[in-house]
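What's in model34.cif: mmCIF, C-alpha atoms
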```
data_start
#
loop_
_atom_site.label_atom_id
_atom_site.label_comp_id
_atom_site.auth_asym_id
_atom_site.auth_seq_id
_atom_site.Cartn_x
_atom_site.Cartn_y
_atom_site.Cartn_z
CA MET A 1 15.97 -0.02 18.50
CA LYS A 2 19.66 0.86 18.32
CA TYR A 3 22.56 -0.29 16.18
CA ASN A 4 26.18 -0.39 17.29
CA LYS A 5 29.36 0.79 15.55
CA ILE A 6 27.84 2.36 12.45
CA LYS A 7 29.85 3.07 9.32
CA LYS A 8 28.94 4.48 5.92
CA GLY A 9 29.98 3.19 2.54
CA ILE A 10 29.21 3.22 -1.17
CA PHE A 11 27.21 0.39 -2.73
CA LEU A 12 28.93 -1.27 -5.66
CA SER A 13 27.07 -4.48 -6.54
CA ARG A 14 24.95 -7.32 -5.20
CA PRO A 15 26.18 -10.72 -6.43
CA ASN A 16 23.25 -12.49 -4.76
CA ARG A 17 20.43 -11.66 -2.34
CA PHE A 18 22.56 -12.31 0.74
CA ILE A 19 25.67 -10.23 0.08
CA ALA A 20 26.77 -6.91 -1.40
CA ASN A 21 30.08 -5.43 -2.41
CA VAL A 22 30.55 -2.08 -0.67
CA LEU A 23 33.35 0.47 -0.70
CA ILE A 24 34.29 1.34 2.89
CA ASN A 25 37.12 3.79 3.58
CA GLY A 26 38.46 3.20 0.08
CA LYS A 27 38.49 -0.59 0.44
CA GLU A 28 36.01 -2.99 -1.17
CA GLU A 29 34.30 -5.24 1.39
CA VAL A 30 31.80 -8.08 1.12
CA CYS A 31 28.83 -7.29 3.42
CA HIS A 32 25.80 -9.23 4.57
CA VAL A 33 22.51 -7.75 3.30
CA LYS A 34 19.85 -7.88 6.01
CA ASN A 35 17.02 -8.08 3.49
CA THR A 36 16.55 -10.86 0.93
CA GLY A 37 13.98 -8.86 -1.06
CA ARG A 38 14.80 -7.36 -4.44
CA CYS A 39 15.32 -3.76 -3.27
CA ARG A 40 16.38 -2.86 -6.81
CA GLU A 41 15.25 0.74 -6.50
CA LEU A 42 17.38 1.13 -3.36
CA LEU A 43 20.57 -0.78 -4.04
CA VAL A 44 21.83 1.08 -7.09
CA GLU A 45 25.49 1.50 -7.89
CA GLY A 46 26.92 4.54 -6.15
CA ALA A 47 24.24 4.79 -3.44
CA GLU A 48 25.40 5.72 0.04
CA VAL A 49 24.70 2.90 2.50
CA VAL A 50 24.81 2.46 6.26
CA LEU A 51 26.49 -0.57 7.79
CA GLU A 52 26.78 -2.06 11.24
CA ASP A 53 30.25 -3.28 12.16
CA CYS A 54 29.93 -6.78 13.65
CA LYS A 55 33.63 -7.42 14.12
CA HIS A 56 32.98 -8.59 17.69
CA ASN A 57 31.12 -11.70 16.44
CA PRO A 58 33.70 -14.46 15.72
CA ASN A 59 31.12 -16.73 14.05
CA ARG A 60 30.46 -14.39 11.12
CA LYS A 61 31.83 -14.81 7.60
CA THR A 62 31.37 -11.09 6.86
CA ARG A 63 32.28 -8.20 9.13
CA TYR A 64 29.49 -5.78 8.15
CA ASP A 65 25.68 -5.82 7.91
CA LEU A 66 24.07 -3.52 5.36
CA ILE A 67 21.13 -2.02 7.24
CA ALA A 68 20.08 1.18 5.45
CA VAL A 69 20.50 3.15 2.24
CA TYR A 70 20.03 6.75 1.16
CA LYS A 71 17.49 7.20 -1.63
CA GLY A 72 18.16 10.80 -2.51
CA GLU A 73 17.86 12.71 0.77
CA ARG A 74 15.69 10.02 2.40
CA LEU A 75 17.28 7.36 4.58
CA VAL A 76 15.52 4.01 4.21
CA ASN A 77 16.10 1.25 6.75
CA MET A 78 16.13 -2.11 4.95
CA ASP A 79 16.86 -4.46 7.85
CA SER A 80 14.15 -7.13 7.57
CA GLN A 81 14.48 -7.99 11.27
CA ALA A 82 13.87 -4.42 12.40
CA PRO A 83 10.05 -4.17 11.88
CA ASN A 84 9.29 -6.86 14.47
CA LYS A 85 11.66 -5.26 16.96
CA VAL A 86 10.17 -1.77 16.68
CA VAL A 87 6.61 -3.12 16.78
CA HIS A 88 7.47 -5.02 19.96
CA GLU A 89 8.65 -1.74 21.48
CA TYR A 90 5.49 0.05 20.30
CA LEU A 91 2.80 -2.45 21.30
CA GLN A 92 1.95 -0.70 24.55
CA LYS A 93 1.12 2.48 22.60
CA LEU A 94 -1.09 0.54 20.18
CA PHE A 95 -2.93 -1.26 22.98
CA SER A 96 -3.04 0.78 26.17
CA ASP A 97 -4.58 -2.05 28.21
CA LEU A 98 -2.08 -4.70 27.08
CA VAL A 99 -1.67 -7.59 29.51
CA VAL A 100 0.03 -10.39 27.48
CA VAL A 101 2.63 -10.30 24.67
CA ARG A 102 3.86 -13.50 23.06
CA PRO A 103 6.14 -13.26 20.00
CA GLU A 104 6.18 -15.99 17.35
CA ARG A 105 2.88 -17.63 18.29
CA LYS A 106 1.75 -20.66 16.27
CA TYR A 107 -1.89 -20.93 15.25
CA LYS A 108 -3.09 -23.77 13.03
CA ASN A 109 -0.75 -23.78 10.01
CA SER A 110 0.84 -20.37 10.57
CA ARG A 111 3.28 -18.79 12.94
CA PHE A 112 2.27 -15.18 13.51
CA ASP A 113 4.68 -12.52 14.67
CA PHE A 114 2.74 -11.69 17.83
CA TYR A 115 -0.15 -12.87 19.93
CA VAL A 116 -1.33 -10.27 22.43
CA GLU A 117 -4.11 -10.00 24.95
CA THR A 118 -5.73 -6.85 26.24
CA LYS A 119 -8.25 -6.72 29.06
CA LYS A 120 -11.01 -7.54 26.56
CA ASP A 121 -9.46 -8.96 23.35
CA LYS A 122 -7.20 -11.74 22.10
CA ILE A 123 -5.31 -10.63 19.00
CA PHE A 124 -3.04 -12.24 16.42
CA ILE A 125 -0.65 -9.85 14.65
CA GLU A 126 1.41 -10.22 11.49
CA VAL A 127 4.11 -7.64 10.71
CA LYS A 128 5.39 -6.72 7.25
CA GLY A 129 8.29 -4.37 6.52
CA VAL A 130 7.84 -1.87 3.68
CA THR A 131 10.82 -0.40 1.80
CA LEU A 132 9.37 0.25 -1.67
CA GLU A 133 8.53 3.92 -2.31
CA GLN A 134 7.27 5.45 -5.56
CA ASN A 135 6.37 9.16 -5.73
CA GLU A 136 5.88 9.40 -1.95
CA VAL A 137 3.59 6.34 -1.92
CA VAL A 138 4.86 3.16 -0.24
CA ARG A 139 3.87 -0.26 -1.50
CA PHE A 140 4.10 -3.92 -0.49
CA PRO A 141 5.27 -6.38 -1.66
CA ASP A 142 8.21 -5.63 -3.93
CA ALA A 143 8.10 -9.24 -5.19
CA PRO A 144 5.33 -11.89 -5.25
CA THR A 145 4.79 -13.35 -1.78
CA THR A 146 2.84 -16.58 -1.43
CA ARG A 147 3.84 -16.64 2.24
CA GLY A 148 2.34 -13.19 2.79
CA THR A 149 -0.91 -14.19 1.07
CA LYS A 150 -1.09 -17.33 3.21
CA HIS A 151 -0.68 -15.26 6.37
CA ILE A 152 -3.56 -12.99 5.39
CA LYS A 153 -5.86 -15.94 4.69
CA GLU A 154 -5.09 -17.36 8.11
CA LEU A 155 -5.63 -14.02 9.82
CA ILE A 156 -9.14 -14.21 8.36
CA GLU A 157 -9.46 -17.66 9.94
CA CYS A 158 -8.47 -16.17 13.30
CA VAL A 159 -11.34 -13.67 12.98
CA ASN A 160 -13.73 -16.47 12.00
CA ASP A 161 -12.67 -18.34 15.15
CA GLY A 162 -13.51 -15.39 17.40
CA TYR A 163 -10.13 -13.72 17.75
CA LYS A 164 -9.17 -10.26 16.62
CA ALA A 165 -6.46 -10.01 13.98
CA CYS A 166 -4.39 -7.28 12.44
CA ILE A 167 -1.64 -6.86 9.90
CA ILE A 168 0.88 -4.11 10.60
CA PHE A 169 2.83 -2.59 7.73
CA VAL A 170 5.99 -1.00 9.12
CA ILE A 171 7.14 1.68 6.66
CA GLN A 172 10.91 1.80 7.14
CA MET A 173 11.16 5.50 6.28
CA GLU A 174 9.31 8.73 7.00
CA GLY A 175 7.64 11.51 5.04
CA VAL A 176 5.37 9.42 2.80
CA LYS A 177 1.80 10.14 1.67
CA TYR A 178 0.14 6.77 2.19
CA PHE A 179 0.47 2.98 1.85
CA SER A 180 -1.03 0.92 -0.95
CA PRO A 181 -0.69 -2.78 -1.84
CA ASN A 182 1.35 -3.49 -4.95
CA TRP A 183 -1.30 -4.71 -7.38
CA GLU A 184 1.04 -4.89 -10.38
CA THR A 185 3.57 -7.08 -8.59
CA ASP A 186 1.21 -9.36 -6.64
CA PRO A 187 -2.52 -9.13 -7.47
CA LYS A 188 -3.29 -12.19 -5.31
CA PHE A 189 -1.86 -10.51 -2.21
CA THR A 190 -3.78 -7.32 -2.99
CA CYS A 191 -7.08 -9.16 -3.46
CA GLU A 192 -6.57 -11.11 -0.24
CA LEU A 193 -5.76 -7.94 1.70
CA ARG A 194 -8.96 -6.30 0.47
CA GLN A 195 -10.92 -9.40 1.44
CA ALA A 196 -9.29 -9.45 4.87
CA GLN A 197 -10.37 -5.89 5.58
CA LYS A 198 -13.94 -6.77 4.63
CA ARG A 199 -13.83 -9.79 6.94
CA GLY A 200 -12.64 -7.79 9.96
CA VAL A 201 -8.84 -7.94 9.86
CA GLU A 202 -7.50 -4.56 10.97
CA ILE A 203 -4.87 -2.91 8.77
CA ILE A 204 -2.37 -0.67 10.57
CA CYS A 205 0.32 1.32 8.75
CA LEU A 206 3.14 2.90 10.76
CA ASP A 207 6.03 4.98 9.48
CA CYS A 208 9.39 5.23 11.22
CA LEU A 209 11.95 7.73 12.40
CA VAL A 210 15.13 6.56 10.72
CA GLN A 211 18.62 7.47 11.87
CA PRO A 212 21.86 5.77 10.81
CA ASP A 213 22.13 4.15 14.24
CA SER A 214 18.45 3.69 15.18
CA LEU A 215 14.91 2.97 14.11
CA SER A 216 11.68 3.76 15.96
CA ILE A 217 7.98 3.97 15.18
CA ASN A 218 6.82 7.49 14.34
CA GLY A 219 3.05 7.11 13.98
CA LEU A 220 0.07 6.12 11.89
CA VAL A 221 -0.01 6.55 8.12
CA GLY A 222 -3.11 6.32 5.95
CA TYR A 223 -3.68 3.61 3.36
CA ARG A 224 -5.63 3.01 0.16
CA LEU A 225 -6.69 -0.39 -1.07
CA ASP A 226 -8.25 0.75 -4.36
#
```
Structure rendered as structure tokens:
Amino acid sequence: MKYNKIKKGIFLSRPNRFIANVLINGKEEVCHVKNTGRCRELLVEGAEVVLEDCKHNPNRKTRYDLIAVYKGERLVNMDSQAPNKVVHEYLQKLFSDLVVVRPERKYKNSRFDFYVETKKDKIFIEVKGVTLEQNEVVRFPDAPTTRGTKHIKELIECVNDGYKACIIFVIQMEGVKYFSPNWETDPKFTCELRQAQKRGVEIICLDCLVQPDSLSINGLVGYRLD
């Protein structure tokens, strides 16, 4: 996926989860943050950030979207809408015999990100973006997620009903060792993910090639649930 009209700035502060104050060309601007997660280890005062200029949209209250941040030398995409977009682009590589793709498919009490059909399987897919990195290990979630736990439970129900199911963790950076659930932050999510694997839900972890103006899937990354 591509972004248009990219600019760089310096992060100053985040008054709430939706906006940030950023220094752009020597002028302080209020920008929309495209991720409502905590991202405390990313959005630190003085960090270099990447923004998309949305001046062409007359309905916006803010001109810029904050889409990525440099953590040291590593560029981390933190656009929460991006994981679904890059997975959509990558589905044919994951399933070579893909015949049906339906985004945002409702099943019982959940709405999953994708429902796909191959020549032999019917599969429900949930996508989660991962931006938290600690010592080259990426973790999810960065805050407790009852919604994420609910999705995993209902992926298990899909398997029980005869479908295939998978959860895809899109790592919005490259050069990491492996993925692991964040036990300290959300033990319920971690326990449910372990249970899901035992019950037949496939876990797929994919890292990304990150550029200031683009994001694309790079390839598979290993994971540890212990």
Could you produce a table of the residues of stretch 72-165 of chain A lying within 8 Å of stretch 200-224 of chain A, with the nearest pair of atoms per residue and their separation in Å rounded to one decimal, using only C-alpha atoms, ordered by chain and increasing residue number, as a tab-separated table?
```
residue	atom	partner	partner_atom	distance
A:Leu75	CA	A:Val210	CA	6.6
A:Val76	CA	A:Val210	CA	7.0
A:Asn77	CA	A:Val210	CA	6.7
A:Ala82	CA	A:Leu215	CA	7.7
A:Val86	CA	A:Ser216	CA	5.8
A:Val87	CA	A:Ile217	CA	7.4
A:Tyr90	CA	A:Ile217	CA	6.9
A:Leu155	CA	A:Val201	CA	6.9
A:Ile156	CA	A:Val201	CA	6.5
A:Val159	CA	A:Gly200	CA	6.7
A:Lys164	CA	A:Val201	CA	7.2
A:Ala165	CA	A:Val201	CA	5.2
```
inquiry  = Can you tell me which residues surround stretch 93-103 of chain A at a distance of at most 9 Å, considering only C-alpha atoms, apart from same-chain residues fewer than 4 positions away, and format the answer as a ChimeraX atom specification?
reply    = /A:88-89,112-120
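You can rank A:Glu192, A:Glu133, A:Glu48, A:Asp186 by their closest distance to A:Lys150 using all atoms listed in the file, and at the top of that list sits A:Glu192.
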message = Given the PyMOL selection byres ((chain A and resi 128) around 6) and the file above, list the residues it selects as number ranges by chain.
response = A: 127, 129, 169
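A straight line drawn from atom CA of A:Ile67 to atom CA of A:Pro141 is 18.7 Å long.
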ask   = Leaving out stretch 134-139 of chain A and any residue of its chain fewer than 6 positions from it, which residues lie within 6 Å of it when counting all atoms listed in the file, given as a list in words?
value = Val176, Lys177, Tyr178, Phe179, Ser180, Pro181 and Asn182 of chain A
query = If you count all atoms listed in the file, which residues fall within 6 Å of stretch 50-63 of chain A, apart from same-chain ones fewer than 4 positions away, as a PyMOL selection string?
reply = chain A and resi 5-8+31+67-69
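Distance check against A:Phe189 using all atoms listed in the file: of A:Ile125, A:Val33, A:Leu225, A:Ile152, the minimum falls on A:Ile152.
With only C-alpha atoms taken into account, the protein and nucleic acid residues at most 10 Å from A:Pro15 (excluding it and anything under 5 positions from it in its own chain) are Ala20, Asn21 and Val30 of chain A.
For the pair atom CA of A:His32 and atom CA of A:Val170, the separation is 21.9 Å.
Of the listed residues (A:Thr185, A:Gln172, A:Ser110, A:Thr131), A:Ser110 comes nearest to A:Glu157; the distances count all atoms listed in the file.
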message = What's the separation between atom CA of A:Gly26 and atom CA of A:Ala47, in Å to one decimal place?
response = 14.7 Å
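Nearest residue to A:Trp183, choosing from A:Glu41, A:Ala143, A:Leu12, A:Lys2 and counting only C-alpha atoms: A:Ala143.
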request  = Please provide as a ChimeraX atom specification all residues within 10 Å of A:Gly162, with the sequence filter that same-chain residues fewer than 4 positions apart are discarded (counting only C-alpha atoms).
outcome  = /A:121-123,157-158
remark   = Using all atoms listed in the file, the best pick from A:Asn109, A:Ser13, A:Asn35, A:Thr149 as closest to A:Cys191 would be A:Thr149
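Between A:Asp161 and the residues A:Phe18, A:Phe124, A:Phe11, A:Tyr64, the shortest atom-to-atom distance, using all atoms listed in the file, involves A:Phe124.
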